>>> print(open('entry_17.cif').read())   # mmCIF, N, CA and C atoms
data_coords
loop_
_atom_site.label_atom_id
_atom_site.label_comp_id
_atom_site.auth_asym_id
_atom_site.auth_seq_id
_atom_site.Cartn_x
_atom_site.Cartn_y
_atom_site.Cartn_z
N MET B 20 -4.03 -17.68 -21.54
CA MET B 20 -4.23 -18.83 -20.72
C MET B 20 -5.54 -18.64 -19.94
N ALA B 21 -6.38 -19.61 -19.99
CA ALA B 21 -7.64 -19.55 -19.27
C ALA B 21 -7.45 -20.05 -17.84
N ILE B 22 -8.24 -19.49 -16.94
CA ILE B 22 -8.22 -19.97 -15.56
C ILE B 22 -9.63 -20.34 -15.15
N LEU B 23 -9.70 -21.27 -14.23
CA LEU B 23 -10.99 -21.69 -13.70
C LEU B 23 -10.97 -21.36 -12.22
N ILE B 24 -11.90 -20.55 -11.80
CA ILE B 24 -11.98 -20.15 -10.39
C ILE B 24 -13.26 -20.73 -9.82
N ARG B 25 -13.11 -21.51 -8.77
CA ARG B 25 -14.27 -22.13 -8.14
C ARG B 25 -14.39 -21.67 -6.70
N GLY B 26 -15.59 -21.64 -6.24
CA GLY B 26 -15.83 -21.32 -4.84
C GLY B 26 -17.07 -20.47 -4.69
N ASP B 27 -17.89 -20.84 -3.72
CA ASP B 27 -19.13 -20.10 -3.49
C ASP B 27 -18.87 -18.65 -3.10
N GLU B 28 -17.86 -18.43 -2.28
CA GLU B 28 -17.56 -17.07 -1.84
C GLU B 28 -17.11 -16.21 -3.02
N ILE B 29 -16.28 -16.76 -3.88
CA ILE B 29 -15.80 -16.02 -5.05
C ILE B 29 -16.97 -15.72 -5.98
N ASP B 30 -17.81 -16.71 -6.18
CA ASP B 30 -18.97 -16.50 -7.05
C ASP B 30 -19.87 -15.40 -6.48
N ALA B 31 -20.05 -15.41 -5.17
CA ALA B 31 -20.89 -14.39 -4.53
C ALA B 31 -20.27 -13.00 -4.69
N LEU B 32 -18.94 -12.92 -4.56
CA LEU B 32 -18.26 -11.63 -4.73
C LEU B 32 -18.40 -11.12 -6.16
N VAL B 33 -18.26 -12.01 -7.13
CA VAL B 33 -18.40 -11.62 -8.53
C VAL B 33 -19.83 -11.18 -8.81
N GLU B 34 -20.80 -11.90 -8.28
CA GLU B 34 -22.21 -11.53 -8.46
C GLU B 34 -22.48 -10.15 -7.86
N LYS B 35 -21.93 -9.91 -6.68
CA LYS B 35 -22.14 -8.61 -6.02
C LYS B 35 -21.49 -7.49 -6.83
N TYR B 36 -20.26 -7.74 -7.33
CA TYR B 36 -19.58 -6.76 -8.16
C TYR B 36 -20.39 -6.47 -9.41
N CYS B 37 -20.90 -7.52 -10.05
CA CYS B 37 -21.71 -7.35 -11.26
C CYS B 37 -22.95 -6.51 -10.97
N ALA B 38 -23.59 -6.79 -9.85
CA ALA B 38 -24.79 -6.05 -9.49
C ALA B 38 -24.48 -4.58 -9.23
N MET B 39 -23.34 -4.33 -8.59
CA MET B 39 -22.99 -2.95 -8.25
C MET B 39 -22.50 -2.15 -9.45
N THR B 40 -21.94 -2.84 -10.44
CA THR B 40 -21.38 -2.13 -11.59
C THR B 40 -22.23 -2.23 -12.84
N GLY B 41 -23.25 -3.06 -12.79
CA GLY B 41 -24.10 -3.24 -13.96
C GLY B 41 -23.53 -4.19 -15.00
N GLN B 42 -22.47 -4.87 -14.66
CA GLN B 42 -21.86 -5.85 -15.57
C GLN B 42 -22.75 -7.09 -15.67
N SER B 43 -22.81 -7.66 -16.87
CA SER B 43 -23.57 -8.90 -17.03
C SER B 43 -22.64 -10.07 -17.32
N ASN B 44 -21.41 -9.76 -17.74
CA ASN B 44 -20.44 -10.79 -18.09
C ASN B 44 -19.46 -10.94 -16.92
N LYS B 45 -19.45 -12.11 -16.30
CA LYS B 45 -18.60 -12.32 -15.13
C LYS B 45 -17.11 -12.22 -15.47
N SER B 46 -16.72 -12.74 -16.62
CA SER B 46 -15.31 -12.67 -17.01
C SER B 46 -14.86 -11.22 -17.17
N GLU B 47 -15.70 -10.41 -17.81
CA GLU B 47 -15.38 -8.99 -17.99
C GLU B 47 -15.36 -8.28 -16.64
N ALA B 48 -16.25 -8.67 -15.75
CA ALA B 48 -16.28 -8.06 -14.41
C ALA B 48 -14.99 -8.37 -13.66
N VAL B 49 -14.53 -9.60 -13.72
CA VAL B 49 -13.29 -9.98 -13.05
C VAL B 49 -12.11 -9.24 -13.69
N ARG B 50 -12.08 -9.15 -15.02
CA ARG B 50 -11.01 -8.44 -15.71
C ARG B 50 -10.96 -6.98 -15.26
N ARG B 51 -12.12 -6.33 -15.23
CA ARG B 51 -12.17 -4.92 -14.83
C ARG B 51 -11.76 -4.72 -13.37
N ALA B 52 -12.23 -5.60 -12.50
CA ALA B 52 -11.89 -5.48 -11.08
C ALA B 52 -10.39 -5.65 -10.87
N LEU B 53 -9.80 -6.64 -11.52
CA LEU B 53 -8.36 -6.86 -11.39
C LEU B 53 -7.58 -5.70 -11.99
N ALA B 54 -7.99 -5.20 -13.13
CA ALA B 54 -7.30 -4.08 -13.76
C ALA B 54 -7.34 -2.84 -12.87
N ALA B 55 -8.49 -2.60 -12.26
CA ALA B 55 -8.63 -1.44 -11.37
C ALA B 55 -7.75 -1.59 -10.13
N GLN B 56 -7.68 -2.78 -9.59
CA GLN B 56 -6.85 -3.01 -8.40
C GLN B 56 -5.37 -2.87 -8.74
N ILE B 57 -4.95 -3.40 -9.87
CA ILE B 57 -3.56 -3.27 -10.30
C ILE B 57 -3.20 -1.81 -10.52
N GLU B 58 -4.09 -1.05 -11.13
CA GLU B 58 -3.86 0.38 -11.34
C GLU B 58 -3.74 1.12 -10.01
N ALA B 59 -4.60 0.79 -9.07
CA ALA B 59 -4.56 1.44 -7.75
C ALA B 59 -3.26 1.12 -7.03
N LEU B 60 -2.83 -0.12 -7.09
CA LEU B 60 -1.58 -0.51 -6.42
C LEU B 60 -0.37 0.14 -7.08
N ALA B 61 -0.39 0.25 -8.40
CA ALA B 61 0.73 0.87 -9.12
C ALA B 61 0.82 2.36 -8.82
N ALA B 62 -0.32 3.00 -8.58
CA ALA B 62 -0.33 4.44 -8.32
C ALA B 62 0.03 4.77 -6.87
N LYS B 63 0.03 3.77 -6.02
CA LYS B 63 0.30 3.98 -4.60
C LYS B 63 1.76 4.39 -4.40
N GLU B 64 1.96 5.45 -3.67
CA GLU B 64 3.30 5.98 -3.43
C GLU B 64 4.04 5.05 -2.47
N SER B 65 5.29 4.75 -2.77
CA SER B 65 6.07 3.85 -1.93
C SER B 65 6.44 4.53 -0.61
N LEU B 66 6.76 3.72 0.38
CA LEU B 66 7.18 4.24 1.68
C LEU B 66 8.44 5.10 1.51
N ALA B 67 9.37 4.64 0.71
CA ALA B 67 10.61 5.39 0.51
C ALA B 67 10.32 6.77 -0.10
N ASP B 68 9.40 6.83 -1.04
CA ASP B 68 9.04 8.11 -1.65
C ASP B 68 8.35 9.02 -0.64
N ARG B 69 7.47 8.45 0.20
CA ARG B 69 6.79 9.27 1.21
C ARG B 69 7.77 9.82 2.22
N VAL B 70 8.73 8.98 2.67
CA VAL B 70 9.74 9.43 3.63
C VAL B 70 10.61 10.51 3.01
N ALA B 71 11.01 10.31 1.76
CA ALA B 71 11.85 11.31 1.08
C ALA B 71 11.13 12.65 0.98
N LYS B 72 9.83 12.61 0.70
CA LYS B 72 9.03 13.84 0.61
C LYS B 72 9.02 14.56 1.96
N ILE B 73 8.82 13.82 3.04
CA ILE B 73 8.80 14.42 4.38
C ILE B 73 10.16 15.00 4.72
N GLN B 74 11.23 14.29 4.36
CA GLN B 74 12.57 14.78 4.62
C GLN B 74 12.84 16.07 3.85
N ARG B 75 12.39 16.14 2.60
CA ARG B 75 12.56 17.37 1.82
C ARG B 75 11.80 18.53 2.45
N GLN B 76 10.55 18.25 2.89
CA GLN B 76 9.75 19.30 3.51
C GLN B 76 10.42 19.79 4.80
N ALA B 77 10.98 18.87 5.57
CA ALA B 77 11.67 19.25 6.81
C ALA B 77 12.90 20.10 6.49
N ALA B 78 13.66 19.69 5.49
CA ALA B 78 14.85 20.45 5.11
C ALA B 78 14.46 21.83 4.59
N ASP B 79 13.39 21.89 3.78
CA ASP B 79 12.92 23.17 3.26
C ASP B 79 12.44 24.08 4.40
N GLY B 80 11.95 23.48 5.47
CA GLY B 80 11.47 24.24 6.62
C GLY B 80 12.58 24.63 7.59
N GLY B 81 13.81 24.23 7.28
CA GLY B 81 14.94 24.64 8.11
C GLY B 81 15.40 23.60 9.10
N PHE B 82 14.77 22.44 9.13
CA PHE B 82 15.21 21.40 10.06
C PHE B 82 16.53 20.81 9.59
N VAL B 83 17.47 20.76 10.50
CA VAL B 83 18.76 20.17 10.18
C VAL B 83 19.03 19.10 11.24
N ALA B 84 19.28 17.90 10.80
CA ALA B 84 19.58 16.81 11.74
C ALA B 84 20.90 17.09 12.42
N PRO B 85 20.96 16.84 13.74
CA PRO B 85 22.22 17.09 14.44
C PRO B 85 23.30 16.14 13.94
N LYS B 86 24.52 16.65 13.92
CA LYS B 86 25.65 15.84 13.46
C LYS B 86 26.10 14.85 14.53
N SER B 87 25.78 15.16 15.78
CA SER B 87 26.25 14.30 16.87
C SER B 87 25.32 13.09 17.03
N SER B 88 25.83 12.09 17.69
CA SER B 88 25.07 10.87 17.94
C SER B 88 24.51 10.91 19.35
N ASP B 89 23.35 10.35 19.53
CA ASP B 89 22.73 10.26 20.85
C ASP B 89 23.06 8.93 21.52
N LYS B 90 23.99 8.17 20.95
CA LYS B 90 24.28 6.84 21.47
C LYS B 90 24.69 6.88 22.93
N ALA B 91 25.61 7.75 23.30
CA ALA B 91 26.08 7.81 24.69
C ALA B 91 24.92 8.12 25.63
N PHE B 92 24.08 9.07 25.25
CA PHE B 92 22.92 9.43 26.07
C PHE B 92 21.97 8.25 26.21
N MET B 93 21.68 7.59 25.10
CA MET B 93 20.76 6.45 25.14
C MET B 93 21.34 5.29 25.95
N ASP B 94 22.63 5.05 25.79
CA ASP B 94 23.28 3.99 26.58
C ASP B 94 23.16 4.29 28.07
N GLU B 95 23.38 5.54 28.42
CA GLU B 95 23.27 5.93 29.83
C GLU B 95 21.84 5.77 30.34
N MET B 96 20.86 6.15 29.53
CA MET B 96 19.45 6.04 29.94
C MET B 96 19.06 4.58 30.15
N TRP B 97 19.65 3.66 29.40
CA TRP B 97 19.34 2.23 29.53
C TRP B 97 20.26 1.54 30.55
N GLY B 98 21.10 2.33 31.20
CA GLY B 98 21.99 1.77 32.22
C GLY B 98 23.14 0.98 31.61
N GLU B 99 23.50 1.29 30.40
CA GLU B 99 24.57 0.57 29.73
C GLU B 99 25.84 1.42 29.61
N GLY B 100 25.81 2.61 30.16
CA GLY B 100 26.94 3.51 29.93
C GLY B 100 27.87 3.67 31.05
#
>>> encode(input="entry_17.cif", output="structure tokens")
Amino acid sequence: MAILIRGDEIDALVEKYCAMTGQSNKSEAVRRALAAQIEALAAKESLADRVAKIQRQAADGGFVAPKSSDKAFMDEMWGEG
């Protein structure tokens, strides 16, 4: 499916990308830029994975979360207890 993209700002961005990468074909430049961005986003580690990694490192370092709840303490600190 073909797309038509209009706009002076978009054209300027494509021209700048072409100049910086040596591309002469605007369609190929857009294809490459989008492919690179999709690859970068796909390779980005999710928040859940980053948190899990930190939790594993903490556990490996001997950190153990307390079994008790701080709710009573927090309620008291906020004047709700």
>>> atom_distance(input="entry_17.cif", atom1="atom C of Leu53 in chain B", atom2="atom C of Tyr36 in chain B")
13.1 Å
>>> residues_near_point(input="entry_17.cif", point="(-12.3, -10.9, -10.9)", cutoff="12 Å", atoms="only C-alpha atoms", output="PyMOL selection string")
chain B and resi 22-25+29-37+42+44-57
>>> write_last_selection(input="entry_17.cif", atoms="N, CA and C atoms", output="compact mmCIF listing (two decimals), keeping the file's coordinate frame")
# COMPACT_ATOMS: atom_id res chain seq x y z
N ILE B 22 -8.24 -19.49 -16.94
CA ILE B 22 -8.22 -19.97 -15.56
C ILE B 22 -9.63 -20.34 -15.15
N LEU B 23 -9.70 -21.27 -14.23
CA LEU B 23 -10.99 -21.69 -13.70
C LEU B 23 -10.97 -21.36 -12.22
N ILE B 24 -11.90 -20.55 -11.80
CA ILE B 24 -11.98 -20.15 -10.39
C ILE B 24 -13.26 -20.73 -9.82
N ARG B 25 -13.11 -21.51 -8.77
CA ARG B 25 -14.27 -22.13 -8.14
C ARG B 25 -14.39 -21.67 -6.70
N ILE B 29 -16.28 -16.76 -3.88
CA ILE B 29 -15.80 -16.02 -5.05
C ILE B 29 -16.97 -15.72 -5.98
N ASP B 30 -17.81 -16.71 -6.18
CA ASP B 30 -18.97 -16.50 -7.05
C ASP B 30 -19.87 -15.40 -6.48
N ALA B 31 -20.05 -15.41 -5.17
CA ALA B 31 -20.89 -14.39 -4.53
C ALA B 31 -20.27 -13.00 -4.69
N LEU B 32 -18.94 -12.92 -4.56
CA LEU B 32 -18.26 -11.63 -4.73
C LEU B 32 -18.40 -11.12 -6.16
N VAL B 33 -18.26 -12.01 -7.13
CA VAL B 33 -18.40 -11.62 -8.53
C VAL B 33 -19.83 -11.18 -8.81
N GLU B 34 -20.80 -11.90 -8.28
CA GLU B 34 -22.21 -11.53 -8.46
C GLU B 34 -22.48 -10.15 -7.86
N LYS B 35 -21.93 -9.91 -6.68
CA LYS B 35 -22.14 -8.61 -6.02
C LYS B 35 -21.49 -7.49 -6.83
N TYR B 36 -20.26 -7.74 -7.33
CA TYR B 36 -19.58 -6.76 -8.16
C TYR B 36 -20.39 -6.47 -9.41
N CYS B 37 -20.90 -7.52 -10.05
CA CYS B 37 -21.71 -7.35 -11.26
C CYS B 37 -22.95 -6.51 -10.97
N GLN B 42 -22.47 -4.87 -14.66
CA GLN B 42 -21.86 -5.85 -15.57
C GLN B 42 -22.75 -7.09 -15.67
N ASN B 44 -21.41 -9.76 -17.74
CA ASN B 44 -20.44 -10.79 -18.09
C ASN B 44 -19.46 -10.94 -16.92
N LYS B 45 -19.45 -12.11 -16.30
CA LYS B 45 -18.60 -12.32 -15.13
C LYS B 45 -17.11 -12.22 -15.47
N SER B 46 -16.72 -12.74 -16.62
CA SER B 46 -15.31 -12.67 -17.01
C SER B 46 -14.86 -11.22 -17.17
N GLU B 47 -15.70 -10.41 -17.81
CA GLU B 47 -15.38 -8.99 -17.99
C GLU B 47 -15.36 -8.28 -16.64
N ALA B 48 -16.25 -8.67 -15.75
CA ALA B 48 -16.28 -8.06 -14.41
C ALA B 48 -14.99 -8.37 -13.66
N VAL B 49 -14.53 -9.60 -13.72
CA VAL B 49 -13.29 -9.98 -13.05
C VAL B 49 -12.11 -9.24 -13.69
N ARG B 50 -12.08 -9.15 -15.02
CA ARG B 50 -11.01 -8.44 -15.71
C ARG B 50 -10.96 -6.98 -15.26
N ARG B 51 -12.12 -6.33 -15.23
CA ARG B 51 -12.17 -4.92 -14.83
C ARG B 51 -11.76 -4.72 -13.37
N ALA B 52 -12.23 -5.60 -12.50
CA ALA B 52 -11.89 -5.48 -11.08
C ALA B 52 -10.39 -5.65 -10.87
N LEU B 53 -9.80 -6.64 -11.52
CA LEU B 53 -8.36 -6.86 -11.39
C LEU B 53 -7.58 -5.70 -11.99
N ALA B 54 -7.99 -5.20 -13.13
CA ALA B 54 -7.30 -4.08 -13.76
C ALA B 54 -7.34 -2.84 -12.87
N ALA B 55 -8.49 -2.60 -12.26
CA ALA B 55 -8.63 -1.44 -11.37
C ALA B 55 -7.75 -1.59 -10.13
N GLN B 56 -7.68 -2.78 -9.59
CA GLN B 56 -6.85 -3.01 -8.40
C GLN B 56 -5.37 -2.87 -8.74
N ILE B 57 -4.95 -3.40 -9.87
CA ILE B 57 -3.56 -3.27 -10.30
C ILE B 57 -3.20 -1.81 -10.52
>>> select_by_dssp(input="entry_17.cif", residues="chain B", states="helix (DSSP H, G or I)", output="PyMOL selection string")
chain B and resi 27-40+45-62+66-79+90-96
>>> atom_distance(input="entry_17.cif", atom1="atom N of Thr40 in chain B", atom2="atom C of Glu28 in chain B")
16.0 Å
>>> atom_distance(input="entry_17.cif", atom1="atom C of Ala61 in chain B", atom2="CA of Gln76 in chain B")
22.8 Å
